[in-house]
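Please read the structure below before turning to the comments.
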Amino acid sequence: MTSAALSFREVGPTDLPACVALEKASYPEDEAASKSTLQYRQHQAATFFRCAILTGEDGDEDEDTVVGFICATRCISFKHESMTTHVAGGPLLAIHSVVVREEYRRRGIATAMLKEYIRHVQDFNRKADRKKNWSSPVQSIVLMAKANLLTFYIHTGFRVNRLSPILHGNDRWYELQQEIPIPRNHRCWVVDAFADPYQRGTGNPAAIVLMHEDTNTE
């Protein structure tokens, strides 16, 4: 491959073998997610399981081009059980893995992948807003990280909350969080004083009335 472009997309079932191998190569045995756990995350929370792909000049893609991935599930509160469960309407999105293939590390791929992931979650909220589906906005992204990676996550917008109470493997972890803006598009009426009822835009704005979502203005 003489030239390659980095792109991002949702992980599909055929990508799982590469993701499983990458997970095992990136974490100690007592920390790595199992094949069945990754399968569960892909099946139950596919929109939040994304990978980084290197595409050649000819545009061909195959499983060998998966150079990294991020996976997460939603939860109500960030606990150890969050790693193996998915609550579809949970306000928190718990990231479990942020990994890049060893030979592609220190090239900015992890940073690009995480920034794209955050934009993806923001876009998820915008699409939910347009669909009037406010039963399930993502309010915050949470994750655990070791001390040597705190700077990396802080540079991508996360803050350190505390030492994590979650015990996972032999090392200590820190809990980090980043709030995700929730767009609110409200219908409203501008009430004008001293306006000509037959001429739009006349008068002095006197009030703005926000309309309830269920209000029928037809």
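By order in the structure tokens, chains are A, B, ...; within a chain, residues start at 1; ligands start at 1, following the order shown.
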
Distance table requested - segment 22-59 of chain A against segment 107-111 of chain A, cut-off 12 Å, only C-alpha atoms: one row per qualifying residue with the closest atom pair and its distance in Å to one decimal, ordered by chain and rising residue number, as a Markdown table.
| residue | atom | partner | partner_atom | distance |
| --- | --- | --- | --- | --- |
| A:Cys51 | CA | A:Ala110 | CA | 10.6 |
| A:Ala52 | CA | A:Ile109 | CA | 8.0 |
| A:Ile53 | CA | A:Ile109 | CA | 10.1 |
| A:Leu54 | CA | A:Ile109 | CA | 10.3 |

Identify, on the basis of only C-alpha atoms, every residue whose closest approach to Asn125 of chain A does not exceed 7 Å; exclude the query and any residue fewer than 6 positions from it along the same chain; express the result as a ChimeraX atom specification.
-> /A:137-138,182

Selection file, N, CA and C atoms, as an mmCIF file, in the first residue's frame:
data_model
loop_
_atom_site.group_PDB
_atom_site.id
_atom_site.type_symbol
_atom_site.label_atom_id
_atom_site.label_comp_id
_atom_site.auth_asym_id
_atom_site.auth_seq_id
_atom_site.Cartn_x
_atom_site.Cartn_y
_atom_site.Cartn_z
ATOM 1 N N PRO A 137 -31.272 10.203 24.952
ATOM 2 C CA PRO A 137 -30.057 10.941 24.588
ATOM 3 C C PRO A 137 -28.877 10.449 25.407
ATOM 4 N N VAL A 138 -27.692 10.526 24.849
ATOM 5 C CA VAL A 138 -26.478 10.239 25.604
ATOM 6 C C VAL A 138 -26.071 11.521 26.315
ATOM 7 N N ILE A 182 -26.692 18.248 24.415
ATOM 8 C CA ILE A 182 -27.980 17.757 23.923
ATOM 9 C C ILE A 182 -28.708 18.919 23.255
#

Using only C-alpha atoms, which protein or nucleic acid residues come within 9 Å of Leu16 of chain A? Drop anything in the same chain fewer than 4 positions from it, and give the result as a short mmCIF file (atom, residue, chain, number, x, y, z; two decimals) with N, CA and C atoms, in the first residue's frame.
data_model
loop_
_atom_site.label_atom_id
_atom_site.label_comp_id
_atom_site.auth_asym_id
_atom_site.auth_seq_id
_atom_site.Cartn_x
_atom_site.Cartn_y
_atom_site.Cartn_z
N VAL A 11 -18.60 -1.25 13.33
CA VAL A 11 -18.07 -2.62 13.25
C VAL A 11 -19.21 -3.57 12.89
N GLY A 12 -18.96 -4.42 11.92
CA GLY A 12 -19.92 -5.45 11.54
C GLY A 12 -19.49 -6.81 12.06
N VAL A 20 -11.36 -9.07 18.06
CA VAL A 20 -11.02 -9.98 19.17
C VAL A 20 -9.51 -10.13 19.27
N ALA A 21 -8.85 -10.32 18.15
CA ALA A 21 -7.39 -10.46 18.15
C ALA A 21 -6.72 -9.19 18.64
N LYS A 35 -14.30 -12.98 23.62
CA LYS A 35 -14.95 -12.99 22.31
C LYS A 35 -16.46 -12.83 22.47
N LEU A 38 -17.38 -9.19 23.34
CA LEU A 38 -17.33 -8.31 22.16
C LEU A 38 -18.48 -8.59 21.21
N GLN A 39 -18.85 -9.85 21.07
CA GLN A 39 -20.00 -10.19 20.24
C GLN A 39 -21.27 -9.56 20.80
N GLN A 42 -21.27 -5.81 20.08
CA GLN A 42 -21.55 -5.53 18.68
C GLN A 42 -23.03 -5.77 18.35
N GLU A 63 -10.74 -7.34 6.40
CA GLU A 63 -10.61 -7.34 7.85
C GLU A 63 -9.20 -7.00 8.30
#

Select from segment 24-121 of chain A every residue with an atom at most 12 Å from any atom of segment 162-175 of chain A, then for each give the shortest pair of atoms and their distance in Å to one decimal, using only C-alpha atoms, rows by chain and rising number, as a tab-separated table.
residue	atom	partner	partner_atom	distance
A:Tyr27	CA	A:Gly169	CA	10.0
A:Pro28	CA	A:Gly169	CA	8.2
A:Glu29	CA	A:Gly169	CA	8.6
A:Asp30	CA	A:Gly169	CA	5.2
A:Glu31	CA	A:Gly169	CA	5.4
A:Ala32	CA	A:Gly169	CA	9.2
A:Ala33	CA	A:His168	CA	11.0
A:Ser77	CA	A:Ile166	CA	11.8
A:Phe78	CA	A:Ile166	CA	8.7
A:Lys79	CA	A:Ile166	CA	6.5
A:His80	CA	A:Ile166	CA	5.7
A:Glu81	CA	A:Ile166	CA	9.5
A:Ser82	CA	A:Ile166	CA	10.3
A:Met83	CA	A:His168	CA	10.2
A:Ala94	CA	A:Glu175	CA	10.5
A:Ile95	CA	A:Glu175	CA	10.9
A:His96	CA	A:His168	CA	11.3

Create the file for the chosen residues now, containing C-alpha atoms and written as a compact mmCIF listing (two decimals), in the first residue's frame.
# COMPACT_ATOMS: atom_id res chain seq x y z
CA TYR A 27 -4.80 -5.75 27.17
CA PRO A 28 -3.51 -8.17 29.81
CA GLU A 29 -5.40 -11.44 30.01
CA ASP A 30 -7.28 -10.40 33.14
CA GLU A 31 -8.45 -7.16 31.51
CA ALA A 32 -9.22 -8.11 27.90
CA ALA A 33 -12.84 -8.63 26.92
CA SER A 77 -24.71 4.16 36.47
CA PHE A 78 -21.07 3.28 35.81
CA LYS A 79 -20.41 -0.02 37.56
CA HIS A 80 -18.49 -3.21 36.83
CA GLU A 81 -21.70 -4.72 35.46
CA SER A 82 -21.69 -2.03 32.76
CA MET A 83 -18.93 -3.94 30.95
CA ALA A 94 -19.40 3.63 28.98
CA ILE A 95 -16.37 3.12 26.74
CA HIS A 96 -14.70 -0.22 27.41

Interatomic distance, atom CA of Leu176 of chain A to atom CA of Met113 of chain A (Å, one decimal) = 17.5 Å

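Note that the spacing between atom CA of Arg50 of chain A and atom CA of Val142 of chain A amounts to 16.3 Å.
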
Point-to-point distance from atom CA of Val100 of chain A to atom CA of Arg119 of chain A, Å rounded to tenths = 18.8 Å

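Comparing A:Tyr40, A:Tyr104, A:Phe48, A:Tyr153 by their smallest distance to His120 of chain A, the closest is A:Phe48 (using only C-alpha atoms).
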